[in-house]
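Structure file entry.cif (mmCIF, C-alpha atoms) follows.
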data_my_file
loop_
_atom_site.label_atom_id
_atom_site.label_comp_id
_atom_site.auth_asym_id
_atom_site.auth_seq_id
_atom_site.Cartn_x
_atom_site.Cartn_y
_atom_site.Cartn_z
CA MET A 49 -204.77 53.50 -215.37
CA SER A 50 -207.08 50.65 -216.46
CA PHE A 51 -206.34 48.01 -219.10
CA LYS A 52 -208.82 45.31 -220.13
CA ILE A 53 -207.68 41.70 -220.07
CA TYR A 54 -209.41 38.35 -220.43
CA CYS A 55 -208.66 34.72 -219.71
CA ASN A 56 -210.38 31.36 -219.40
CA CYS A 57 -212.53 30.85 -216.32
CA ASN A 58 -211.02 27.94 -214.39
CA HIS A 59 -214.22 27.33 -212.45
CA CYS A 60 -216.31 26.91 -215.61
CA GLU A 61 -213.70 24.67 -217.23
CA GLN A 62 -213.60 22.38 -214.22
CA ALA A 63 -217.39 22.18 -214.05
CA SER A 64 -218.00 21.57 -217.77
CA GLU A 65 -215.57 19.42 -219.72
CA GLY A 66 -215.05 20.58 -223.31
CA ILE A 67 -216.34 24.10 -222.71
CA VAL A 68 -214.32 27.29 -222.98
CA SER A 69 -215.61 30.13 -220.82
CA TYR A 70 -214.09 33.60 -220.54
CA ALA A 71 -213.63 36.11 -217.74
CA ILE A 72 -212.88 39.83 -217.96
CA GLY A 73 -210.83 42.02 -215.66
CA TYR A 74 -209.21 45.45 -215.63
CA ILE A 75 -205.60 46.06 -214.65
CA GLY A 76 -205.39 49.06 -212.37
CA ASN A 77 -203.07 49.94 -209.52
CA THR A 78 -203.69 46.97 -207.19
CA GLU A 79 -200.48 45.22 -208.18
CA PRO A 80 -200.08 42.37 -208.84
CA GLU A 81 -203.71 41.33 -208.38
CA VAL A 82 -206.49 41.77 -210.93
CA LYS A 83 -210.04 40.76 -210.06
CA MET A 84 -211.66 38.64 -212.78
CA GLU A 85 -215.32 37.73 -213.29
CA CYS A 86 -217.13 35.63 -215.86
CA SER A 87 -220.77 36.04 -216.88
CA LYS A 88 -221.79 33.17 -214.61
CA GLY A 89 -220.59 35.17 -211.65
CA HIS A 90 -217.42 33.21 -210.89
CA ASN A 91 -214.79 35.44 -209.30
CA PHE A 92 -211.08 34.74 -209.12
CA THR A 93 -207.76 36.58 -209.02
CA ALA A 94 -205.24 37.00 -211.82
CA LEU A 95 -201.61 37.67 -210.92
CA ASN A 96 -200.52 40.20 -213.51
CA HIS A 97 -197.06 39.81 -215.07
CA ILE A 98 -197.59 42.46 -217.76
CA PRO A 99 -195.17 45.33 -217.05
CA LYS A 100 -196.81 48.74 -216.86
CA PHE A 101 -194.49 50.01 -219.59
CA ALA A 102 -195.92 47.39 -221.95
CA ILE A 103 -199.47 48.45 -221.06
CA MET A 104 -198.63 52.11 -221.60
CA PHE A 105 -196.97 51.39 -224.93
CA GLU A 106 -200.01 49.38 -226.04
CA ASN A 107 -202.26 52.30 -225.09
CA GLY A 108 -200.03 54.48 -227.26
CA LEU A 109 -200.58 52.19 -230.24
CA THR A 110 -204.34 52.26 -229.63
CA ALA A 111 -204.29 56.07 -229.49
CA PHE A 112 -202.23 56.22 -232.69
CA ASN A 113 -204.59 53.83 -234.48
CA ASN A 114 -207.49 56.10 -233.45
CA GLY A 115 -205.76 59.27 -234.64
CA PHE A 116 -205.00 60.70 -231.18
CA TYR A 117 -201.35 61.52 -231.80
CA ILE A 118 -200.64 63.75 -228.79
CA GLU A 119 -202.06 61.07 -226.48
CA ALA A 120 -199.98 58.45 -228.32
CA PHE A 121 -196.83 60.56 -227.84
CA SER A 122 -197.56 60.84 -224.10
CA CYS A 123 -198.12 57.09 -223.76
CA PHE A 124 -194.97 56.20 -225.69
CA TYR A 125 -192.80 58.49 -223.61
CA SER A 126 -194.43 57.32 -220.37
CA ALA A 127 -193.59 53.76 -221.47
CA ILE A 128 -189.86 54.52 -221.60
CA GLU A 129 -189.94 56.09 -218.14
CA LEU A 130 -191.80 53.10 -216.71
CA PHE A 131 -189.32 50.78 -218.43
CA ARG A 132 -186.43 52.61 -216.76
CA LYS A 133 -188.06 52.05 -213.40
CA ASP A 134 -188.66 48.33 -214.04
CA PHE A 135 -185.11 47.87 -215.35
CA SER A 136 -183.76 49.45 -212.17
CA LEU A 137 -185.98 47.36 -209.91
CA ALA A 138 -185.00 44.18 -211.75
CA TYR A 139 -181.31 45.06 -211.58
CA PHE A 140 -181.28 45.63 -207.82
CA HIS A 141 -183.39 42.50 -207.30
CA SER A 142 -181.31 40.16 -209.46
CA TYR A 143 -177.82 41.61 -209.09
CA GLU A 144 -177.94 43.05 -205.56
CA GLY A 145 -180.24 40.42 -204.04
CA LYS A 146 -182.90 42.83 -202.76
CA LYS A 147 -186.45 41.59 -202.18
CA VAL A 148 -189.04 42.89 -204.63
CA ILE A 149 -191.44 44.12 -201.96
CA ASP A 150 -188.66 45.99 -200.12
CA LEU A 151 -187.53 47.63 -203.36
CA GLN A 152 -191.05 48.74 -204.19
CA LYS A 153 -191.38 50.48 -200.84
CA HIS A 154 -188.20 52.48 -201.49
CA PHE A 155 -189.06 53.23 -205.12
CA LYS A 156 -192.39 54.81 -204.17
CA VAL A 157 -190.58 58.08 -203.42
CA ILE A 158 -188.98 58.13 -206.88
CA LYS A 159 -191.71 59.84 -208.88
CA ASN A 160 -190.33 62.51 -211.20
CA SER A 161 -188.61 61.90 -214.53
CA GLU A 162 -185.18 63.15 -213.49
CA ARG A 163 -184.98 60.87 -210.45
CA ILE A 164 -186.23 57.88 -212.43
CA TYR A 165 -183.65 58.52 -215.15
CA GLY A 166 -180.92 59.00 -212.57
CA ILE A 167 -181.46 55.66 -210.86
CA TYR A 168 -181.86 53.98 -214.27
CA GLN A 169 -178.50 55.39 -215.39
CA LEU A 170 -176.96 54.04 -212.19
CA ALA A 171 -178.44 50.56 -212.76
CA LEU A 172 -177.53 50.61 -216.45
CA GLY A 173 -173.97 51.70 -215.67
CA LEU A 174 -173.55 48.97 -213.07
CA TYR A 175 -174.96 46.41 -215.51
CA ASN A 176 -173.10 47.24 -218.72
CA GLY A 177 -170.98 50.34 -218.09
CA ASP A 178 -173.17 52.71 -220.15
CA SER A 179 -174.43 55.08 -217.47
CA VAL A 180 -174.58 57.91 -220.03
CA ASP A 181 -177.24 55.99 -222.03
CA LYS A 182 -175.86 57.22 -225.35
CA GLU A 183 -178.14 54.88 -227.29
CA PHE A 184 -181.24 56.79 -226.18
CA LYS A 185 -179.81 60.29 -226.03
CA ASN A 186 -178.54 60.05 -229.61
CA ILE A 187 -181.98 59.30 -231.08
CA LYS A 188 -182.91 61.99 -233.62
CA ILE A 189 -186.51 62.72 -234.62
CA LYS A 190 -186.98 64.31 -238.04
CA ASP A 191 -189.68 66.66 -239.22
CA ASP A 192 -189.98 68.63 -242.45
CA LYS A 193 -187.63 71.40 -241.32
CA GLN A 194 -185.25 70.11 -238.68
CA LYS A 195 -184.06 67.32 -236.42
CA ASN A 196 -184.64 67.24 -232.67
CA ASP A 197 -183.13 64.74 -230.31
CA ILE A 198 -185.85 62.74 -228.62
CA ILE A 199 -185.39 64.35 -225.20
CA ALA A 200 -185.55 67.88 -226.65
CA LEU A 201 -188.73 66.98 -228.53
CA ARG A 202 -190.29 65.61 -225.35
CA ASN A 203 -189.49 68.85 -223.53
CA LEU A 204 -191.03 70.90 -226.33
CA VAL A 205 -194.24 68.87 -226.14
CA VAL A 206 -194.47 68.83 -222.34
CA HIS A 207 -193.23 72.32 -221.48
CA ALA A 208 -193.76 74.48 -224.58
CA GLY A 209 -197.08 73.21 -225.89
CA TYR A 210 -195.54 71.91 -229.11
CA ILE A 211 -197.92 69.68 -231.11
CA PRO A 212 -195.98 66.80 -232.66
CA SER A 213 -196.83 65.64 -236.16
CA LYS A 214 -198.04 62.15 -236.96
CA THR A 215 -194.62 61.40 -238.47
CA GLU A 216 -192.81 62.57 -235.35
CA VAL A 217 -195.05 60.50 -233.07
CA GLU A 218 -194.50 57.43 -235.26
CA GLN A 219 -190.73 57.87 -235.04
CA VAL A 220 -190.84 58.37 -231.27
CA GLY A 221 -193.00 55.27 -230.82
CA TYR A 222 -190.83 53.08 -233.02
CA TYR A 223 -187.52 54.24 -231.58
CA ILE A 224 -188.83 53.65 -228.06
CA TYR A 225 -190.11 50.21 -229.10
CA LYS A 226 -186.70 49.22 -230.50
CA TYR A 227 -184.90 50.59 -227.45
CA ILE A 228 -187.14 48.77 -224.94
CA VAL A 229 -187.15 45.43 -226.75
CA THR A 230 -183.38 45.46 -227.27
CA LYS A 231 -182.64 46.32 -223.63
CA TYR A 232 -185.25 43.89 -222.31
CA GLN A 233 -184.03 40.92 -224.32
CA THR A 234 -180.33 41.49 -223.58
CA PHE A 235 -180.85 42.04 -219.83
CA ASN A 236 -180.65 38.60 -218.25
CA ILE A 237 -180.65 37.60 -214.59
CA LYS A 238 -177.33 37.42 -212.75
CA GLU A 239 -177.34 33.61 -212.70
CA HIS A 240 -177.74 33.34 -216.48
CA ASP A 241 -174.89 31.48 -218.17
CA SER A 242 -173.56 33.52 -221.11
CA ASN A 243 -173.06 30.24 -223.01
CA ASP A 244 -176.72 29.33 -222.59
CA PRO A 245 -178.54 30.04 -225.90
CA PHE A 246 -181.85 30.48 -224.06
CA PRO A 247 -182.36 33.89 -222.43
CA TRP A 248 -183.61 34.40 -218.90
CA PHE A 249 -184.98 37.93 -218.90
CA ALA A 250 -184.36 39.79 -215.63
CA ILE A 251 -187.55 41.88 -215.80
CA MET A 252 -189.64 38.78 -216.50
CA GLN A 253 -188.06 37.09 -213.47
CA TYR A 254 -188.71 40.19 -211.38
CA TYR A 255 -192.45 39.97 -212.08
CA PHE A 256 -192.55 36.25 -211.27
CA ASP A 257 -190.72 36.88 -208.01
CA PHE A 258 -193.05 39.79 -207.22
CA SER A 259 -196.02 37.43 -207.45
CA ALA A 260 -194.21 34.76 -205.42
CA GLU A 261 -193.38 37.22 -202.61
CA HIS A 262 -196.92 38.62 -202.71
CA CYS A 263 -198.38 35.12 -202.38
CA GLU A 264 -196.02 34.26 -199.53
CA GLU A 265 -197.07 37.38 -197.63
CA ASN A 266 -200.74 36.52 -198.15
CA GLY A 267 -200.55 32.80 -197.34
CA GLU A 268 -201.03 31.54 -200.92
CA ASN A 269 -199.01 28.81 -202.66
CA PHE A 270 -197.45 30.41 -205.73
CA LYS A 271 -196.09 27.09 -207.00
CA ASP A 272 -199.59 25.60 -207.15
CA ILE A 273 -200.87 28.73 -208.90
CA ALA A 274 -198.06 28.58 -211.48
CA LEU A 275 -198.91 24.90 -212.13
CA ASN A 276 -202.61 25.83 -212.55
CA LYS A 277 -203.63 23.76 -209.53
CA GLU A 278 -205.48 26.60 -207.81
CA SER A 279 -208.81 27.53 -209.42
CA ASP A 280 -209.09 30.82 -207.53
CA TYR A 281 -205.92 32.17 -209.18
CA THR A 282 -204.33 32.41 -212.60
CA ILE A 283 -201.29 34.17 -214.11
CA ILE A 284 -201.49 36.75 -216.90
CA LEU A 285 -198.45 37.04 -219.18
CA SER A 286 -197.55 39.97 -221.43
CA ASP A 287 -197.34 38.23 -224.80
CA THR A 288 -201.08 37.57 -224.92
CA TYR A 289 -202.15 41.19 -224.59
CA THR A 290 -199.39 43.53 -225.79
CA SER A 291 -197.61 44.08 -229.07
CA LEU A 292 -194.16 44.25 -227.45
CA GLN A 293 -194.23 40.42 -227.18
CA LEU A 294 -191.66 40.69 -224.41
CA ASN A 295 -191.30 37.05 -223.46
CA SER A 296 -190.97 35.72 -226.99
CA VAL A 297 -187.39 35.51 -228.22
CA THR A 298 -187.25 38.19 -230.91
CA ASP A 299 -184.58 38.68 -233.54
CA ILE A 300 -183.52 42.18 -232.50
CA LYS A 301 -181.74 42.62 -235.83
CA ASN A 302 -185.00 42.04 -237.70
CA LEU A 303 -187.74 43.65 -235.62
CA PRO A 304 -191.34 44.18 -236.74
CA THR A 305 -192.12 47.51 -238.39
CA PHE A 306 -194.24 50.16 -236.71
CA ASN A 307 -197.10 49.20 -239.03
CA ASP A 308 -196.73 45.60 -237.86
CA LEU A 309 -197.15 46.80 -234.27
CA LEU A 310 -200.25 48.79 -235.20
CA THR A 311 -201.74 45.71 -236.84
CA LEU A 312 -201.05 43.59 -233.74
CA ASN A 313 -202.67 46.25 -231.59
CA LYS A 314 -205.82 46.26 -233.73
CA GLY A 315 -206.04 42.49 -233.38
CA HIS A 316 -205.65 42.66 -229.61
CA ASN A 317 -208.43 45.23 -229.31
CA ILE A 318 -210.75 43.26 -231.60
CA ASN A 319 -210.17 40.15 -229.47
CA LYS A 320 -210.75 41.98 -226.18
CA ASP A 321 -213.93 43.66 -227.43
CA GLY A 322 -215.20 40.35 -228.80
CA ILE A 323 -214.50 38.49 -225.56
CA GLU A 324 -216.20 41.24 -223.55
CA LYS A 325 -219.34 40.77 -225.66
CA ILE A 326 -219.18 37.03 -225.04
CA VAL A 327 -218.84 37.56 -221.29
CA ASN A 328 -221.67 40.06 -221.21
CA GLY A 329 -223.89 37.99 -223.51
CA THR A 330 -223.43 34.33 -224.42
CA ASP A 331 -220.51 33.38 -222.24
CA THR A 332 -219.37 30.02 -223.60
CA LEU A 333 -217.83 28.68 -226.79
CA LYS A 334 -217.49 25.03 -227.71
CA ASN A 335 -213.95 23.75 -228.24
CA THR A 336 -213.22 22.87 -231.86
#
Would you encode the structure as structure tokens?
Amino acid sequence: MSFKIYCNCNHCEQASEGIVSYAIGYIGNTEPEVKMECSKGHNFTALNHIPKFAIMFENGLTAFNNGFYIEAFSCFYSAIELFRKDFSLAYFHSYEGKKVIDLQKHFKVIKNSERIYGIYQLALGLYNGDSVDKEFKNIKIKDDKQKNDIIALRNLVVHAGYIPSKTEVEQVGYYIYKYIVTKYQTFNIKEHDSNDPFPWFAIMQYYFDFSAEHCEENGENFKDIALNKESDYTIILSDTYTSLQLNSVTDIKNLPTFNDLLTLNKGHNINKDGIEKIVNGTDTLKNT
């Protein structure tokens, strides 16, 4: 899986005061590192804090905007499965005190949907007592003739060759969006004070700690990187590139509509395509 990202080139900024210069990279499977390069040939490493479920959901929006509804359905449903895995990892890291890198080694053997859902239900039950996950299982997707629960519809698409309608895919995408955002923003780290009005998202902390452990293992100073003191590294956050806007405090009682998400996705893709042209052509823009 590859996902285009961009950021300012620290090397160019340090060399030329008042100049903004961009670098492009592609998120793949070399977690958490992404190799970045600007048009002047400067190379540096981005530590990616965008969860894979957010990337997959964004790819679903792109597919939907382009009229590829079966692909969009697949991306949306993959996003929920990846979210379950990240939720479980974050739970065992924050609440059971397990190191991120140790957890990732154990989770590599958990590959199929049933096992992922099983460990998610365990983590969810330990966290809030809802191991049945009624909130997801009770989602109903409507078409012109009948209602299917979301899991039954997924099985029809995956195992029976059923082609979902545009309306069904839209419902699946939006229900999954609401489910992920609600769970994400109400799942705080163990140390979070319930009286504190500011959230401390457990999955966000998991990704920060993943980068910190990775840097420690590789002899890099994560604190200096986080403070932007190291020109060979930068940190990529999810809110800049995905429509889930995970690390912004969202009013979960007044969420954006599905059309709002599609509009955000179009803007992200326009920005990324524009920056790529800048990097491949004229690579600098004056600050205004």
(request) Determine the residue membership of the PyMOL selection byres ((chain A and resi 107) around 9) for the file above and supply it as a PyMOL selection string. (result) chain A and resi 51+102-106+108-112+119-120+123-124+313
(request) Determine the residue set returned by the PyMOL selection byres ((chain A and resi 90) around 10) for the present structure, and present it as a PyMOL selection string. (result) chain A and resi 57-60+71+84-89+91-92+280
For the interface of stretch 223-297 of chain A with stretch 180-187 of chain A (cut-off 10 Å, counting all atoms listed in the file), please tabulate each contacting residue of stretch 223-297 of chain A alongside its nearest pair of atoms and their separation in Å to one decimal, rows sorted by chain and increasing number, as CSV.
residue,atom,partner,partner_atom,distance
A:Tyr223,CA,A:Ile187,CA,7.5
A:Ile224,CA,A:Phe184,CA,8.4
A:Tyr227,CA,A:Phe184,CA,7.3
(message) Between atom CA of A:Ser279 and atom CA of A:His141, what distance in Å does the model show, to one decimal?
(response)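 If I compute the distance from atom CA of A:Ser279 to atom CA of A:His141, I get 29.6 Å.
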I'd like the residues picked by the PyMOL selection byres ((chain A and resi 256) around 12) written out as an mmCIF file with C-alpha atoms, keeping the file's coordinate frame, using the chain letters and numbers from the file.
data_model
loop_
_atom_site.group_PDB
_atom_site.id
_atom_site.type_symbol
_atom_site.label_atom_id
_atom_site.label_comp_id
_atom_site.auth_asym_id
_atom_site.auth_seq_id
_atom_site.Cartn_x
_atom_site.Cartn_y
_atom_site.Cartn_z
ATOM 1 C CA PRO A 80 -200.080 42.370 -208.840
ATOM 2 C CA LEU A 95 -201.610 37.670 -210.920
ATOM 3 C CA ASN A 96 -200.520 40.200 -213.510
ATOM 4 C CA HIS A 97 -197.060 39.810 -215.070
ATOM 5 C CA ILE A 98 -197.590 42.460 -217.760
ATOM 6 C CA PRO A 99 -195.170 45.330 -217.050
ATOM 7 C CA ALA A 138 -185.000 44.180 -211.750
ATOM 8 C CA HIS A 141 -183.390 42.500 -207.300
ATOM 9 C CA VAL A 148 -189.040 42.890 -204.630
ATOM 10 C CA TRP A 248 -183.610 34.400 -218.900
ATOM 11 C CA PHE A 249 -184.980 37.930 -218.900
ATOM 12 C CA ALA A 250 -184.360 39.790 -215.630
ATOM 13 C CA ILE A 251 -187.550 41.880 -215.800
ATOM 14 C CA MET A 252 -189.640 38.780 -216.500
ATOM 15 C CA GLN A 253 -188.060 37.090 -213.470
ATOM 16 C CA TYR A 254 -188.710 40.190 -211.380
ATOM 17 C CA TYR A 255 -192.450 39.970 -212.080
ATOM 18 C CA ASP A 257 -190.720 36.880 -208.010
ATOM 19 C CA PHE A 258 -193.050 39.790 -207.220
ATOM 20 C CA SER A 259 -196.020 37.430 -207.450
ATOM 21 C CA ALA A 260 -194.210 34.760 -205.420
ATOM 22 C CA GLU A 261 -193.380 37.220 -202.610
ATOM 23 C CA HIS A 262 -196.920 38.620 -202.710
ATOM 24 C CA CYS A 263 -198.380 35.120 -202.380
ATOM 25 C CA PHE A 270 -197.450 30.410 -205.730
ATOM 26 C CA LYS A 271 -196.090 27.090 -207.000
ATOM 27 C CA ILE A 273 -200.870 28.730 -208.900
ATOM 28 C CA ALA A 274 -198.060 28.580 -211.480
ATOM 29 C CA ILE A 283 -201.290 34.170 -214.110
ATOM 30 C CA ILE A 284 -201.490 36.750 -216.900
ATOM 31 C CA LEU A 285 -198.450 37.040 -219.180
ATOM 32 C CA SER A 286 -197.550 39.970 -221.430
#
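In this model, the gap between atom CA of A:Ile128 and atom CA of A:Tyr225 comes to 8.7 Å.
Between A:Ser126 and the residues A:Glu144, A:Glu216, A:Gln194, A:Gly221, the shortest atom-to-atom distance, using only C-alpha atoms, involves A:Gly221.
With only C-alpha atoms as the atoms that count, the minimum distance from A:Lys320 to the choices A:Ile300, A:Tyr74, A:Lys156, A:Glu61 is reached by A:Tyr74.
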How would stretch 274-285 of chain A read, as a CSV table (one decimal), in the coordinates of the input, once all heavy atoms are built in?
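Written file, result-v8.csv:
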chain,number,residue,atom,x,y,z
A,274,ALA,N,-198.8,28.6,-210.2
A,274,ALA,CA,-198.1,28.6,-211.5
A,274,ALA,C,-198.3,27.3,-212.2
A,274,ALA,O,-198.3,27.3,-213.5
A,274,ALA,CB,-196.6,28.7,-211.2
A,275,LEU,N,-198.6,26.2,-211.5
A,275,LEU,CA,-198.9,24.9,-212.1
A,275,LEU,C,-200.4,24.7,-212.4
A,275,LEU,O,-200.8,23.7,-212.8
A,275,LEU,CB,-198.4,23.8,-211.2
A,275,LEU,CG,-196.9,23.7,-211.0
A,275,LEU,CD1,-196.6,22.6,-209.9
A,275,LEU,CD2,-196.2,23.3,-212.3
A,276,ASN,N,-201.2,25.8,-212.3
A,276,ASN,CA,-202.6,25.8,-212.6
A,276,ASN,C,-203.4,24.8,-211.7
A,276,ASN,O,-204.4,24.2,-212.2
A,276,ASN,CB,-202.9,25.6,-214.1
A,276,ASN,CG,-204.2,26.1,-214.5
A,276,ASN,OD1,-204.7,27.1,-214.0
A,276,ASN,ND2,-204.8,25.5,-215.5
A,277,LYS,N,-202.9,24.7,-210.4
A,277,LYS,CA,-203.6,23.8,-209.5
A,277,LYS,C,-204.6,24.5,-208.6
A,277,LYS,O,-205.3,23.8,-207.8
A,277,LYS,CB,-202.6,23.0,-208.7
A,277,LYS,CG,-201.7,22.1,-209.4
A,277,LYS,CD,-200.7,21.4,-208.5
A,277,LYS,CE,-199.9,20.4,-209.2
A,277,LYS,NZ,-198.9,19.7,-208.3
A,278,GLU,N,-204.6,25.8,-208.7
A,278,GLU,CA,-205.5,26.6,-207.8
A,278,GLU,C,-206.5,27.4,-208.7
A,278,GLU,O,-206.2,28.3,-209.4
A,278,GLU,CB,-204.6,27.6,-207.0
A,278,GLU,CG,-205.4,28.5,-206.1
A,278,GLU,CD,-206.3,27.9,-205.2
A,278,GLU,OE1,-205.8,27.2,-204.2
A,278,GLU,OE2,-207.5,28.0,-205.4
A,279,SER,N,-207.8,27.0,-208.6
A,279,SER,CA,-208.8,27.5,-209.4
A,279,SER,C,-209.2,29.0,-209.1
A,279,SER,O,-209.7,29.7,-209.9
A,279,SER,CB,-210.1,26.7,-209.4
A,279,SER,OG,-210.6,26.6,-208.0
A,280,ASP,N,-208.8,29.4,-207.9
A,280,ASP,CA,-209.1,30.8,-207.5
A,280,ASP,C,-208.0,31.8,-208.0
A,280,ASP,O,-208.1,33.0,-207.8
A,280,ASP,CB,-209.2,30.9,-206.0
A,280,ASP,CG,-210.5,30.3,-205.5
A,280,ASP,OD1,-211.5,30.4,-206.3
A,280,ASP,OD2,-210.6,29.8,-204.4
A,281,TYR,N,-207.0,31.3,-208.7
A,281,TYR,CA,-205.9,32.2,-209.2
A,281,TYR,C,-205.5,31.7,-210.6
A,281,TYR,O,-205.6,30.6,-211.0
A,281,TYR,CB,-204.7,32.1,-208.3
A,281,TYR,CG,-204.8,32.9,-207.0
A,281,TYR,CD1,-205.4,32.2,-205.9
A,281,TYR,CD2,-204.4,34.2,-206.9
A,281,TYR,CE1,-205.6,32.9,-204.7
A,281,TYR,CE2,-204.6,34.9,-205.7
A,281,TYR,CZ,-205.1,34.2,-204.6
A,281,TYR,OH,-205.3,34.9,-203.4
A,282,THR,N,-205.0,32.7,-211.3
A,282,THR,CA,-204.3,32.4,-212.6
A,282,THR,C,-203.2,33.4,-212.8
A,282,THR,O,-203.1,34.4,-212.0
A,282,THR,CB,-205.3,32.4,-213.8
A,282,THR,OG1,-204.7,31.9,-214.9
A,282,THR,CG2,-205.8,33.9,-214.1
A,283,ILE,N,-202.4,33.2,-213.8
A,283,ILE,CA,-201.3,34.2,-214.1
A,283,ILE,C,-201.5,34.7,-215.5
A,283,ILE,O,-201.8,34.0,-216.5
A,283,ILE,CB,-199.9,33.5,-214.0
A,283,ILE,CG1,-199.6,33.1,-212.6
A,283,ILE,CG2,-198.8,34.4,-214.5
A,283,ILE,CD1,-198.4,32.2,-212.4
A,284,ILE,N,-201.3,36.0,-215.6
A,284,ILE,CA,-201.5,36.8,-216.9
A,284,ILE,C,-200.1,37.2,-217.4
A,284,ILE,O,-199.4,37.9,-216.7
A,284,ILE,CB,-202.4,38.0,-216.7
A,284,ILE,CG1,-203.8,37.6,-216.2
A,284,ILE,CG2,-202.5,38.8,-218.0
A,284,ILE,CD1,-204.6,36.8,-217.2
A,285,LEU,N,-199.7,36.7,-218.6
A,285,LEU,CA,-198.4,37.0,-219.2
A,285,LEU,C,-198.6,38.1,-220.3
A,285,LEU,O,-199.7,38.3,-220.8
A,285,LEU,CB,-197.8,35.8,-219.8
A,285,LEU,CG,-197.6,34.6,-218.8
A,285,LEU,CD1,-197.0,33.4,-219.5
A,285,LEU,CD2,-196.6,35.1,-217.7
